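Colleague: Sharing query_22.cif here; it has mmCIF, C-alpha atoms.
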```cif
data_coords
loop_
_atom_site.label_atom_id
_atom_site.label_comp_id
_atom_site.auth_asym_id
_atom_site.auth_seq_id
_atom_site.Cartn_x
_atom_site.Cartn_y
_atom_site.Cartn_z
CA MET A 1 0.00 0.00 0.00
CA THR A 2 1.34 3.41 -0.90
CA ARG A 3 1.38 5.88 1.93
CA ILE A 4 0.37 9.34 0.81
CA ILE A 5 1.59 12.21 2.91
CA LYS A 6 -0.50 15.31 2.44
CA VAL A 7 1.99 17.92 3.47
CA GLY A 8 -0.34 20.83 2.75
CA ASP A 9 -2.89 19.52 5.26
CA ARG A 10 -0.21 18.82 7.84
CA ILE A 11 1.25 22.33 7.53
CA LYS A 12 -2.23 23.84 7.69
CA GLY A 13 -3.08 21.75 10.78
CA ALA A 14 0.13 22.76 12.54
CA ASN A 15 -0.48 26.42 11.69
CA ASP A 16 -4.05 26.31 13.00
CA LYS A 17 -2.93 24.74 16.28
CA ILE A 18 -0.38 27.50 16.89
CA ALA A 19 -2.94 30.12 15.77
CA GLU A 20 -5.29 28.87 18.52
CA GLU A 21 -2.48 29.20 21.08
CA ASN A 22 -1.80 32.76 19.89
CA ARG A 23 -5.50 33.57 20.08
CA ALA A 24 -5.69 32.26 23.66
CA PHE A 25 -2.56 34.23 24.57
CA PHE A 26 -3.96 37.51 23.21
CA SER A 27 -7.32 36.82 24.83
CA SER A 28 -5.86 36.09 28.27
CA ALA A 29 -3.98 39.41 28.06
CA GLY A 30 -7.23 41.20 27.19
CA VAL A 31 -5.78 42.45 23.89
CA LYS A 32 -7.82 42.74 20.68
CA THR A 33 -6.17 41.80 17.38
CA LEU A 34 -6.48 42.88 13.78
CA ASN A 35 -4.79 41.32 10.71
CA VAL A 36 -4.40 43.89 7.89
CA MET A 37 -3.96 42.47 4.38
CA SER A 38 -3.65 43.88 0.84
CA SER A 39 -1.62 43.96 -2.38
CA PRO A 40 1.80 45.62 -2.12
CA GLY A 41 1.46 49.39 -2.01
CA ALA A 42 -2.27 49.70 -1.22
CA GLY A 43 -1.41 51.80 1.82
CA LYS A 44 -1.43 49.41 4.81
CA THR A 45 1.42 51.17 6.60
CA SER A 46 -0.03 54.64 5.92
CA LEU A 47 -3.41 53.49 7.28
CA ILE A 48 -1.76 52.02 10.39
CA GLU A 49 0.24 55.24 10.95
CA ALA A 50 -2.94 57.34 10.64
CA THR A 51 -4.80 54.91 12.92
CA VAL A 52 -2.15 55.03 15.65
CA ARG A 53 -2.09 58.85 15.46
CA GLY A 54 -5.89 59.14 15.32
CA LEU A 55 -6.43 56.99 18.41
CA ALA A 56 -3.40 58.19 20.41
CA ASP A 57 -5.57 59.59 23.21
CA LYS A 58 -7.87 56.55 23.39
CA LEU A 59 -5.83 53.36 22.85
CA LYS A 60 -2.40 51.86 23.39
CA ILE A 61 -1.63 50.09 20.13
CA GLY A 62 1.10 47.57 19.37
CA VAL A 63 2.06 46.78 15.78
CA ILE A 64 3.60 43.59 14.35
CA GLU A 65 5.04 44.39 10.92
CA GLY A 66 5.43 41.61 8.35
CA ASP A 67 7.69 42.11 5.34
CA ILE A 68 9.83 39.88 3.18
CA ALA A 69 12.77 42.20 3.83
CA THR A 70 13.66 45.55 5.50
CA ALA A 71 12.49 47.20 8.75
CA MET A 72 11.21 50.36 7.06
CA ASP A 73 7.60 49.88 8.12
CA ALA A 74 8.46 49.22 11.77
CA GLU A 75 10.36 52.51 11.83
CA ARG A 76 7.39 54.37 10.33
CA VAL A 77 4.81 53.08 12.84
CA LYS A 78 7.19 53.60 15.77
CA GLU A 79 7.57 57.22 14.64
CA ALA A 80 3.74 57.48 14.50
CA GLY A 81 3.60 56.61 18.20
CA ALA A 82 2.85 52.89 18.44
CA ALA A 83 3.40 51.66 22.02
CA GLN A 84 5.20 48.49 20.90
CA VAL A 85 6.55 47.58 17.47
CA VAL A 86 8.25 44.44 16.15
CA GLN A 87 9.33 43.69 12.59
CA ILE A 88 9.11 40.17 11.16
CA ASN A 89 11.16 39.49 8.01
CA THR A 90 9.80 36.42 6.25
CA GLU A 91 12.91 36.10 4.04
CA GLY A 92 10.98 35.16 0.92
CA ALA A 93 7.73 33.78 2.36
CA CYS A 94 4.69 35.39 0.77
CA HIS A 95 2.58 35.62 3.95
CA LEU A 96 2.84 35.63 7.74
CA ASP A 97 2.01 32.42 9.60
CA ALA A 98 1.06 31.61 13.19
CA GLN A 99 4.57 30.43 14.15
CA MET A 100 6.05 33.79 13.08
CA ILE A 101 3.53 35.60 15.30
CA LYS A 102 4.31 33.26 18.20
CA MET A 103 8.01 34.06 17.82
CA ALA A 104 7.30 37.79 17.59
CA LEU A 105 5.27 37.63 20.81
CA SER A 106 8.37 36.65 22.77
CA HIS A 107 9.75 40.13 21.96
CA PHE A 108 6.48 41.89 22.46
CA PRO A 109 5.07 42.51 25.97
CA LEU A 110 1.28 42.75 25.78
CA GLU A 111 0.85 44.44 29.17
CA GLY A 112 -0.98 47.72 28.88
CA LEU A 113 -1.89 47.27 25.21
CA ASP A 114 -5.51 47.53 24.02
CA LEU A 115 -5.00 46.47 20.42
CA VAL A 116 -2.38 44.68 18.34
CA ILE A 117 -2.41 45.42 14.62
CA ILE A 118 -0.61 42.87 12.44
CA GLU A 119 0.46 44.14 9.01
CA ASN A 120 0.73 41.14 6.71
CA VAL A 121 3.04 40.79 3.68
CA GLY A 122 1.67 42.61 0.62
CA ASN A 123 -0.10 39.84 -1.26
CA LEU A 124 -3.74 39.62 -2.32
CA VAL A 125 -3.82 35.81 -2.35
CA CYS A 126 -1.68 33.83 0.09
CA PRO A 127 -2.26 35.52 3.50
CA THR A 128 -5.94 34.47 3.54
CA ASN A 129 -4.95 30.81 3.97
CA PHE A 130 -3.04 31.35 7.22
CA ASP A 131 -4.82 32.02 10.49
CA LEU A 132 -2.44 33.99 12.72
CA GLY A 133 -4.61 33.79 15.83
CA GLU A 134 -6.18 37.17 15.19
CA GLU A 135 -9.80 38.02 16.00
CA HIS A 136 -10.47 40.39 13.12
CA ARG A 137 -9.35 40.56 9.49
CA VAL A 138 -9.54 43.57 7.23
CA MET A 139 -8.21 44.27 3.77
CA LEU A 140 -7.19 47.37 1.87
CA ALA A 141 -7.50 48.00 -1.83
CA SER A 142 -6.07 51.02 -3.61
CA VAL A 143 -8.60 52.55 -6.00
CA THR A 144 -5.82 52.42 -8.61
CA GLU A 145 -6.05 48.60 -8.67
CA GLY A 146 -9.32 48.82 -10.63
CA GLU A 147 -12.91 47.70 -10.10
CA ASP A 148 -12.34 44.25 -11.64
CA LYS A 149 -10.19 43.06 -8.73
CA PRO A 150 -12.87 41.77 -6.30
CA LYS A 151 -14.05 39.20 -8.84
CA LYS A 152 -10.50 38.35 -9.93
CA TYR A 153 -9.23 37.87 -6.34
CA PRO A 154 -12.38 36.70 -4.53
CA GLY A 155 -10.60 34.78 -1.75
CA MET A 156 -9.31 37.88 0.00
CA TYR A 157 -12.60 39.76 -0.39
CA LEU A 158 -14.40 36.77 1.17
CA ALA A 159 -11.93 36.45 4.05
CA ALA A 160 -12.19 40.08 5.20
CA GLU A 161 -14.80 41.65 7.48
CA ALA A 162 -14.05 45.13 6.20
CA LEU A 163 -12.62 46.69 3.04
CA ILE A 164 -10.72 49.95 3.29
CA LEU A 165 -10.90 51.36 -0.24
CA ASN A 166 -7.91 53.65 -0.03
CA LYS A 167 -6.26 56.47 -2.04
CA ILE A 168 -9.61 58.09 -2.93
CA ASP A 169 -7.68 61.37 -3.29
CA ILE A 170 -6.39 60.00 -6.64
CA LEU A 171 -9.90 59.25 -7.98
CA PRO A 172 -10.15 62.42 -10.11
CA TYR A 173 -7.04 61.32 -12.04
CA VAL A 174 -7.79 57.64 -12.71
CA ASN A 175 -10.54 55.93 -14.67
CA VAL A 176 -12.02 54.21 -11.61
CA ASP A 177 -15.38 54.67 -9.89
CA ALA A 178 -15.30 54.10 -6.11
CA GLU A 179 -19.03 53.31 -5.98
CA ARG A 180 -18.68 50.68 -8.69
CA PHE A 181 -15.58 49.26 -6.94
CA SER A 182 -17.58 49.02 -3.71
CA ALA A 183 -20.55 47.41 -5.49
CA GLU A 184 -18.26 44.82 -7.11
CA ALA A 185 -16.76 44.02 -3.69
CA LEU A 186 -20.25 43.60 -2.18
CA GLU A 187 -21.22 41.25 -5.01
CA VAL A 188 -18.36 38.98 -3.93
CA ASN A 189 -19.01 39.42 -0.18
CA PRO A 190 -22.31 41.09 0.75
CA LYS A 191 -21.29 41.26 4.45
CA LEU A 192 -18.25 43.49 3.80
CA LYS A 193 -18.17 46.75 5.76
CA ILE A 194 -16.65 49.30 3.38
CA PHE A 195 -14.73 52.49 4.21
CA GLN A 196 -13.58 54.83 1.46
CA THR A 197 -10.45 56.56 2.70
CA SER A 198 -7.37 58.54 1.90
CA ALA A 199 -5.06 57.53 4.72
CA THR A 200 -2.53 60.21 3.77
CA ARG A 201 -5.06 63.10 3.40
CA GLY A 202 -7.44 61.95 6.15
CA ASP A 203 -10.67 61.47 4.16
CA GLY A 204 -12.98 58.83 5.62
CA MET A 205 -10.74 58.10 8.61
CA ASP A 206 -13.45 59.02 11.16
CA GLY A 207 -15.73 56.17 10.06
CA TRP A 208 -12.85 53.67 10.05
CA LEU A 209 -11.62 54.73 13.52
CA LYS A 210 -15.17 54.60 14.93
CA TRP A 211 -15.64 51.05 13.60
CA LEU A 212 -12.26 50.01 14.99
CA LEU A 213 -13.08 51.47 18.43
CA GLU A 214 -16.59 50.08 18.61
CA GLY A 215 -16.50 46.96 16.45
CA VAL A 216 -13.02 45.66 17.23
CA VAL A 217 -12.01 47.09 20.62
CA GLY A 218 -15.57 47.28 21.98
CA LEU A 219 -15.41 50.85 23.28
CA LYS A 220 -18.26 53.32 23.01
CA ASP A 221 -17.50 57.03 22.72
CA MET B 222 16.26 5.56 9.45
CA THR B 223 13.68 8.24 8.92
CA ARG B 224 12.91 8.99 5.34
CA ILE B 225 12.42 12.68 4.74
CA ILE B 226 10.30 13.64 1.79
CA LYS B 227 11.01 17.15 0.65
CA VAL B 228 7.80 17.90 -1.14
CA GLY B 229 8.81 21.44 -2.02
CA ASP B 230 11.85 20.17 -3.91
CA ARG B 231 9.84 17.43 -5.62
CA ILE B 232 7.19 19.90 -6.79
CA LYS B 233 9.89 22.31 -7.96
CA GLY B 234 11.71 19.51 -9.82
CA ALA B 235 8.52 18.36 -11.54
CA ASN B 236 7.70 21.94 -12.52
CA ASP B 237 11.16 22.56 -13.94
CA LYS B 238 10.99 19.37 -16.02
CA ILE B 239 7.69 20.42 -17.60
CA ALA B 240 9.01 23.95 -18.04
CA GLU B 241 11.90 22.56 -20.09
CA GLU B 242 9.40 20.64 -22.26
CA ASN B 243 7.39 23.82 -22.77
CA ARG B 244 10.56 25.73 -23.65
CA ALA B 245 11.52 23.11 -26.25
CA PHE B 246 7.98 23.17 -27.66
CA PHE B 247 7.98 26.96 -28.08
CA SER B 248 11.48 26.87 -29.52
CA SER B 249 10.69 24.18 -32.10
CA ALA B 250 7.73 26.30 -33.24
CA GLY B 251 10.01 29.33 -33.59
CA VAL B 252 7.92 31.32 -31.11
CA LYS B 253 9.43 33.76 -28.60
CA THR B 254 7.95 33.90 -25.10
CA LEU B 255 7.52 36.54 -22.42
CA ASN B 256 6.25 36.06 -18.84
CA VAL B 257 4.70 39.29 -17.49
CA MET B 258 4.47 39.59 -13.69
CA SER B 259 3.34 42.25 -11.18
CA SER B 260 1.13 43.04 -8.19
CA PRO B 261 -2.62 43.04 -8.87
CA GLY B 262 -3.65 46.18 -10.71
CA ALA B 263 -0.23 47.41 -11.88
CA GLY B 264 -1.51 47.42 -15.45
CA LYS B 265 -0.34 44.13 -17.00
CA THR B 266 -3.45 43.71 -19.15
CA SER B 267 -3.42 47.35 -20.26
CA LEU B 268 0.24 47.02 -21.25
CA ILE B 269 -0.46 43.82 -23.18
CA GLU B 270 -3.44 45.45 -24.97
CA ALA B 271 -1.27 48.44 -25.94
CA THR B 272 1.55 46.10 -27.02
CA VAL B 273 -0.72 43.99 -29.25
CA ARG B 274 -2.17 47.18 -30.82
CA GLY B 275 1.24 48.84 -31.18
CA LEU B 276 2.81 45.86 -32.97
CA ALA B 277 -0.27 44.84 -35.02
CA ASP B 278 1.50 45.48 -38.33
CA LYS B 279 4.74 43.77 -37.28
CA LEU B 280 3.96 40.68 -35.18
CA LYS B 281 1.36 37.98 -34.66
CA ILE B 282 1.00 37.75 -30.90
CA GLY B 283 -0.71 35.06 -28.83
CA VAL B 284 -1.64 35.69 -25.20
CA ILE B 285 -2.04 33.21 -22.33
CA GLU B 286 -3.97 34.91 -19.55
CA GLY B 287 -3.57 33.69 -15.96
CA ASP B 288 -6.14 34.64 -13.33
CA ILE B 289 -7.51 33.05 -10.20
CA ALA B 290 -11.02 33.58 -11.56
CA THR B 291 -12.90 35.22 -14.48
CA ALA B 292 -12.12 35.49 -18.22
CA MET B 293 -12.23 39.30 -18.29
CA ASP B 294 -8.61 39.74 -19.34
CA ALA B 295 -8.83 37.22 -22.19
CA GLU B 296 -11.76 39.18 -23.60
CA ARG B 297 -9.82 42.45 -23.37
CA VAL B 298 -6.74 41.19 -25.22
CA LYS B 299 -8.88 39.42 -27.85
CA GLU B 300 -10.61 42.73 -28.46
CA ALA B 301 -7.19 44.39 -28.80
CA GLY B 302 -6.42 42.05 -31.68
CA ALA B 303 -4.34 39.18 -30.27
CA ALA B 304 -4.07 36.35 -32.83
CA GLN B 305 -4.69 33.62 -30.22
CA VAL B 306 -5.95 33.96 -26.64
CA VAL B 307 -6.50 31.41 -23.90
CA GLN B 308 -7.55 32.02 -20.31
CA ILE B 309 -6.22 29.89 -17.45
CA ASN B 310 -8.18 30.04 -14.17
CA THR B 311 -5.96 28.85 -11.33
CA GLU B 312 -8.92 28.46 -8.93
CA GLY B 313 -7.09 29.82 -5.92
CA ALA B 314 -3.45 29.23 -6.88
CA CYS B 315 -1.33 32.35 -6.48
CA HIS B 316 0.82 31.84 -9.59
CA LEU B 317 0.92 30.03 -12.92
CA ASP B 318 3.02 26.86 -13.18
CA ALA B 319 4.53 24.93 -16.08
CA GLN B 320 1.80 22.26 -16.07
CA MET B 321 -0.90 24.94 -16.52
CA ILE B 322 0.99 26.31 -19.54
CA LYS B 323 1.37 22.80 -20.96
CA MET B 324 -2.38 22.27 -20.66
CA ALA B 325 -3.10 25.68 -22.21
CA LEU B 326 -0.86 24.81 -25.18
CA SER B 327 -3.21 21.99 -26.20
CA HIS B 328 -5.82 24.70 -26.94
CA PHE B 329 -3.37 27.09 -28.48
CA PRO B 330 -1.97 26.50 -31.99
CA LEU B 331 1.45 28.15 -32.28
CA GLU B 332 1.55 28.14 -36.09
CA GLY B 333 2.03 31.61 -37.50
CA LEU B 334 2.72 33.24 -34.12
CA ASP B 335 5.87 35.29 -33.53
CA LEU B 336 5.46 35.89 -29.82
CA VAL B 337 3.47 34.44 -26.91
CA ILE B 338 2.89 36.74 -23.96
CA ILE B 339 1.96 35.02 -20.70
CA GLU B 340 0.19 37.23 -18.15
CA ASN B 341 0.80 35.74 -14.72
CA VAL B 342 -1.49 36.00 -11.67
CA GLY B 343 -1.17 39.37 -9.92
CA ASN B 344 1.31 38.64 -7.17
CA LEU B 345 4.68 40.26 -6.45
CA VAL B 346 6.12 37.20 -4.70
CA CYS B 347 5.07 33.69 -5.75
CA PRO B 348 5.32 33.73 -9.59
CA THR B 349 9.11 34.18 -9.47
CA ASN B 350 9.56 30.65 -8.09
CA PHE B 351 7.89 28.91 -11.03
CA ASP B 352 9.60 28.62 -14.40
CA LEU B 353 6.89 28.33 -17.06
CA GLY B 354 9.25 27.52 -19.92
CA GLU B 355 9.43 31.15 -21.03
CA GLU B 356 12.55 32.77 -22.47
CA HIS B 357 12.05 36.26 -21.06
CA ARG B 358 10.64 37.64 -17.82
CA VAL B 359 9.52 41.20 -17.22
CA MET B 360 7.72 42.87 -14.36
CA LEU B 361 5.48 45.89 -14.01
CA ALA B 362 5.19 48.20 -11.05
CA SER B 363 2.63 50.94 -10.73
CA VAL B 364 4.20 54.20 -9.54
CA THR B 365 1.42 54.27 -6.91
CA GLU B 366 3.00 51.29 -5.14
CA GLY B 367 5.77 53.54 -3.81
CA GLU B 368 9.56 53.69 -4.08
CA ASP B 369 10.13 51.40 -1.09
CA LYS B 370 8.85 48.30 -2.92
CA PRO B 371 12.01 47.11 -4.74
CA LYS B 372 13.81 46.61 -1.42
CA LYS B 373 10.71 45.14 0.25
CA TYR B 374 10.03 42.64 -2.59
CA PRO B 375 13.55 42.00 -3.93
CA GLY B 376 12.84 38.53 -5.37
CA MET B 377 10.69 39.79 -8.23
CA TYR B 378 13.03 42.67 -9.02
CA LEU B 379 15.92 40.19 -9.18
CA ALA B 380 14.01 37.72 -11.37
CA ALA B 381 13.04 40.23 -14.07
CA GLU B 382 15.11 41.42 -17.04
CA ALA B 383 13.04 44.55 -17.44
CA LEU B 384 10.87 46.75 -15.22
CA ILE B 385 7.95 48.61 -16.76
CA LEU B 386 7.30 51.43 -14.30
CA ASN B 387 3.70 52.12 -15.25
CA LYS B 388 0.98 54.73 -14.61
CA ILE B 389 3.42 57.66 -14.86
CA ASP B 390 0.41 59.78 -15.89
CA ILE B 391 -0.60 59.76 -12.18
CA LEU B 392 2.81 61.01 -10.97
CA PRO B 393 1.70 64.65 -10.54
CA TYR B 394 -0.98 63.52 -8.07
CA VAL B 395 0.99 61.11 -5.87
CA ASN B 396 3.97 61.61 -3.60
CA VAL B 397 6.25 59.34 -5.64
CA ASP B 398 9.36 60.14 -7.68
CA ALA B 399 9.85 57.94 -10.75
CA GLU B 400 13.59 58.58 -10.84
CA ARG B 401 13.98 57.55 -7.22
CA PHE B 402 11.77 54.47 -7.83
CA SER B 403 14.02 53.52 -10.78
CA ALA B 404 17.17 54.11 -8.73
CA GLU B 405 15.83 51.90 -5.90
CA ALA B 406 15.06 49.15 -8.43
CA LEU B 407 18.58 49.38 -9.87
CA GLU B 408 20.07 49.12 -6.38
CA VAL B 409 18.34 45.73 -6.05
CA ASN B 410 19.12 44.62 -9.62
CA PRO B 411 21.69 46.75 -11.50
CA LYS B 412 21.00 44.82 -14.75
CA LEU B 413 17.30 45.85 -14.93
CA LYS B 414 16.24 47.56 -18.15
CA ILE B 415 13.69 50.18 -17.07
CA PHE B 416 10.84 51.70 -19.10
CA GLN B 417 8.69 54.45 -17.62
CA THR B 418 5.26 54.15 -19.23
CA SER B 419 1.61 55.03 -19.16
CA ALA B 420 0.09 52.06 -20.98
CA THR B 421 -3.30 53.76 -21.14
CA ARG B 422 -2.04 57.18 -22.35
CA GLY B 423 0.83 55.87 -24.47
CA ASP B 424 3.83 57.56 -22.80
CA GLY B 425 7.04 55.58 -23.09
CA MET B 426 5.51 52.80 -25.20
CA ASP B 427 7.93 53.38 -28.11
CA GLY B 428 10.96 52.39 -26.06
CA TRP B 429 9.20 49.32 -24.65
CA LEU B 430 8.00 48.14 -28.07
CA LYS B 431 11.46 48.67 -29.58
CA TRP B 432 13.06 46.55 -26.83
CA LEU B 433 10.42 43.86 -27.29
CA LEU B 434 10.97 43.78 -31.07
CA GLU B 435 14.75 43.83 -30.90
CA GLY B 436 15.58 42.26 -27.56
CA VAL B 437 12.89 39.57 -27.35
CA VAL B 438 11.74 38.83 -30.91
CA GLY B 439 15.10 39.64 -32.50
CA LEU B 440 13.79 41.91 -35.30
CA LYS B 441 15.52 45.06 -36.43
CA ASP B 442 13.44 47.97 -37.76
#
```
Just give me the structure of the file as C-alpha cells.
Modeller:
Amino acid sequence: MTRIIKVGDRIKGANDKIAEENRAFFSSAGVKTLNVMSSPGAGKTSLIEATVRGLADKLKIGVIEGDIATAMDAERVKEAGAAQVVQINTEGACHLDAQMIKMALSHFPLEGLDLVIIENVGNLVCPTNFDLGEEHRVMLASVTEGEDKPKKYPGMYLAAEALILNKIDILPYVNVDAERFSAEALEVNPKLKIFQTSATRGDGMDGWLKWLLEGVVGLKD
Amino acid sequence: MTRIIKVGDRIKGANDKIAEENRAFFSSAGVKTLNVMSSPGAGKTSLIEATVRGLADKLKIGVIEGDIATAMDAERVKEAGAAQVVQINTEGACHLDAQMIKMALSHFPLEGLDLVIIENVGNLVCPTNFDLGEEHRVMLASVTEGEDKPKKYPGMYLAAEALILNKIDILPYVNVDAERFSAEALEVNPKLKIFQTSATRGDGMDGWLKWLLEGVVGLKD
C-alpha cells in the first residue's frame, strides 16, 4: 500500500494549532487583534500610521510588521507613536504564519496594550490561507487597482470583514469609480463593511476609527 | 532511518521538467515567449493590450492569460487584436506553473505566431519561483505602489530582465518620484532595463515596443 503524505494539510493543521495558542494568549492578556492584508502598495502602513495617530488619546496600540525584507515599516509606525513595534522578516515567504507571530510575541510585551495590529506581507492571495490567531481581518485596496479586482481575487474579499478602499484622493485622475468598486466588492461578499479613505489626506478616517473602536475594541464614545 | 520527503523540492523539480518541455515546444515552433508579472492592478493587461495594438503590423501575438477567476482579461486582449488567446483560471493558486501552460498549449496552436505573452497572476512574490518555460521575464510596477517596494520585494526585481514602471500619468498627483523608484530598483538589480510608461495614455511605449521587437523577438526595424 502506498502511503500518501498530504503535506499541505499537515502544515495547515500545525499552523491552525499555533494560531489557537496565539488567540488564547492575546485573549488572556485582554488584547484585541487585527490582521491587515492587501496587495503591495495599497497603503497598509499609511493606514496604520494614521490609525495610531488618530487613536493616540484613546488606545495603546502595538504593531507587528510583516515584510519579506527591510524594517522600514516598523520605523514608520514607531515614529507614529505605536506603544510596541516588532518587525518580522519572512525572508521570501509570501505571507505571515502563526509560528512567526508566536516568535514575535516573545519580543512583544502585551501588558498595557488595548489592540495589536498585524500588518501582513503585501499579497492579495496567500495571506488568507493562514490564520495567525487574530480576532479580526480587514483588507485594503487602492482605487488604482481597478474595479475588476474583487471578482478576480475573490478569496481575500471573502476572508475580510471590512474593506478599506484607499487612495480616494487620486480618484479624479484615474478611470475608476469608487461606488462601482464598492458594489463589485459587495457582489463577492455582501457582508463586507466598506470604508472609502485617503489615509494620507485623512478622508474617511473618522468612520474607520469609529468602527475600529466600537467593532473591534468594543469601546463606546 | 527516517525517510524525509522534501515535497517542495519534488514539486519544484517536476515543474522545472515540464518547463523545459514547454521551452523546447515553443522553440521548435520558432515562437518567442515573455512572462509578465506584477502586483494586482499594476496594469499588465493594459500594457499587453497596448503592445498587441502597437505591434499589429509587425507581429502575430498570442496571449495566455492567468487569473484566479474570471475570463475578463482574455476578452480584453482578444478585443485588442491578439491572434490567439487562452484564459487559465488557477482556482485559488497564487501563480501560474509549467503544467498549466502545458495544458493551455493543447488549446493554443502556435503556427504563425511570432510571440506568446503570458500574463501571470497578480502577485509580487510567488510567480518568481515557477519557471513556465518562457525565455524572457519582465515585471510591471505601478508608480502608486511607492519607491520602497524594490527593497521590500527583492525577489521579483531580481528575477526580471526589465521593469515597466507604469501609470506615470498619475505622478503629478501622488507623492512618488519615478527617478527615485528607478534608482531603488537598480540598487536591487543593476541589470534591470527600465521603461517608464503610461500604458493607457501611451507615454514611453515606443521604447518598450522597440526593446520587445529587438531584444525579445530579434527583429531590427
Colleague: Give as an MDAnalysis selection string the residues that the PyMOL selection byres ((chain A) within 7 of (chain B)) matches when applied to the coordinates above.
Modeller: chainID A and resid 39:42 67:70 94 123 125:126 144:146 151:153 170 173
Colleague: Excluding same-chain residues fewer than 6 positions from Phe246 in chain B, what lies within 12 Å of it counting all atoms listed in the file, as an MDAnalysis selection string?
Modeller: chainID B and resid 239:240 252:254 322:323 326:327 330:332 353:356
Colleague: Given the file above and the PyMOL selection byres ((chain B and resi 295) around 8), which residues are selected, and can you give them as a compact mmCIF listing (two decimals) with C-alpha atoms, keeping the file's coordinate frame?
Modeller:
```
# COMPACT_ATOMS: atom_id res chain seq x y z
CA VAL B 284 -1.64 35.69 -25.20
CA ILE B 285 -2.04 33.21 -22.33
CA GLU B 286 -3.97 34.91 -19.55
CA ALA B 292 -12.12 35.49 -18.22
CA MET B 293 -12.23 39.30 -18.29
CA ASP B 294 -8.61 39.74 -19.34
CA GLU B 296 -11.76 39.18 -23.60
CA ARG B 297 -9.82 42.45 -23.37
CA VAL B 298 -6.74 41.19 -25.22
CA LYS B 299 -8.88 39.42 -27.85
CA VAL B 306 -5.95 33.96 -26.64
CA VAL B 307 -6.50 31.41 -23.90
CA GLN B 308 -7.55 32.02 -20.31
```
Colleague: Measuring atom to atom with all atoms listed in the file, identify which of A:Leu96, A:Gly202, A:Leu186, A:Lys210 is nearest to Leu47 in chain A.
Modeller: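 Comparing A:Leu96, A:Gly202, A:Leu186, A:Lys210 against Leu47 in chain A, the winner is A:Gly202.
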Colleague: For the point (12.3, 38.5, -12.8) in file coordinates, what residues are within 9 Å, counting all atoms listed in the file? Give the answer as a list of chain:residue names?
Modeller: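 The distance filter leaves exactly B:Asn256, B:Val257, B:Met258, B:Thr349, B:His357, B:Arg358, B:Val359, B:Met360, B:Gly376, B:Met377, B:Tyr378, B:Leu379, B:Ala380, B:Ala381, B:Glu382, B:Ala383, B:Leu384.
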Colleague: Just to confirm, what's the straight-line distance from CA of Leu115 in chain A to CA of Thr51 in chain A in Å (one decimal)?
Modeller: 11.3 Å
Colleague: What's the separation between CA of Ile339 in chain B and CA of Ile232 in chain B, in Å to one decimal place?
Modeller: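 Atom-to-atom, CA of Ile339 in chain B to CA of Ile232 in chain B, that is 21.2 Å.
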Colleague: Please indicate the distance in Å from CA of Val438 in chain B to CA of Ala319 in chain B, rounded to one decimal place.
Modeller: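 One can read the CA of Val438 in chain B to CA of Ala319 in chain B distance as 21.6 Å.
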Colleague: Can you complete the atoms of range 204-214 of chain A to N, CA, C and O atoms and list them as an mmCIF file, in the frame of the given file?
Modeller:
```cif
data_model
loop_
_atom_site.group_PDB
_atom_site.id
_atom_site.type_symbol
_atom_site.label_atom_id
_atom_site.label_comp_id
_atom_site.auth_asym_id
_atom_site.auth_seq_id
_atom_site.Cartn_x
_atom_site.Cartn_y
_atom_site.Cartn_z
ATOM 1 N N GLY A 204 -12.339 60.095 5.252
ATOM 2 C CA GLY A 204 -12.980 58.830 5.620
ATOM 3 C C GLY A 204 -12.387 58.151 6.834
ATOM 4 O O GLY A 204 -12.835 57.067 7.227
ATOM 5 N N MET A 205 -11.392 58.767 7.473
ATOM 6 C CA MET A 205 -10.740 58.100 8.610
ATOM 7 C C MET A 205 -11.671 58.035 9.831
ATOM 8 O O MET A 205 -11.576 57.094 10.623
ATOM 9 N N ASP A 206 -12.563 59.024 9.991
ATOM 10 C CA ASP A 206 -13.450 59.020 11.160
ATOM 11 C C ASP A 206 -14.286 57.743 11.226
ATOM 12 O O ASP A 206 -14.419 57.126 12.282
ATOM 13 N N GLY A 207 -14.877 57.369 10.092
ATOM 14 C CA GLY A 207 -15.730 56.170 10.060
ATOM 15 C C GLY A 207 -14.929 54.913 10.372
ATOM 16 O O GLY A 207 -15.368 54.051 11.141
ATOM 17 N N TRP A 208 -13.732 54.823 9.801
ATOM 18 C CA TRP A 208 -12.850 53.670 10.050
ATOM 19 C C TRP A 208 -12.470 53.599 11.533
ATOM 20 O O TRP A 208 -12.559 52.541 12.160
ATOM 21 N N LEU A 209 -12.062 54.737 12.118
ATOM 22 C CA LEU A 209 -11.620 54.730 13.520
ATOM 23 C C LEU A 209 -12.784 54.403 14.457
ATOM 24 O O LEU A 209 -12.604 53.688 15.451
ATOM 25 N N LYS A 210 -13.974 54.892 14.119
ATOM 26 C CA LYS A 210 -15.170 54.600 14.930
ATOM 27 C C LYS A 210 -15.460 53.089 14.910
ATOM 28 O O LYS A 210 -15.730 52.471 15.935
ATOM 29 N N TRP A 211 -15.394 52.499 13.706
ATOM 30 C CA TRP A 211 -15.640 51.050 13.600
ATOM 31 C C TRP A 211 -14.606 50.259 14.382
ATOM 32 O O TRP A 211 -14.910 49.290 15.080
ATOM 33 N N LEU A 212 -13.340 50.711 14.297
ATOM 34 C CA LEU A 212 -12.260 50.010 14.990
ATOM 35 C C LEU A 212 -12.486 50.094 16.510
ATOM 36 O O LEU A 212 -12.388 49.081 17.213
ATOM 37 N N LEU A 213 -12.837 51.287 16.996
ATOM 38 C CA LEU A 213 -13.080 51.470 18.430
ATOM 39 C C LEU A 213 -14.266 50.650 18.907
ATOM 40 O O LEU A 213 -14.197 49.968 19.922
ATOM 41 N N GLU A 214 -15.364 50.722 18.142
ATOM 42 C CA GLU A 214 -16.590 50.080 18.610
ATOM 43 C C GLU A 214 -16.664 48.613 18.218
ATOM 44 O O GLU A 214 -17.015 47.757 19.028
#
```
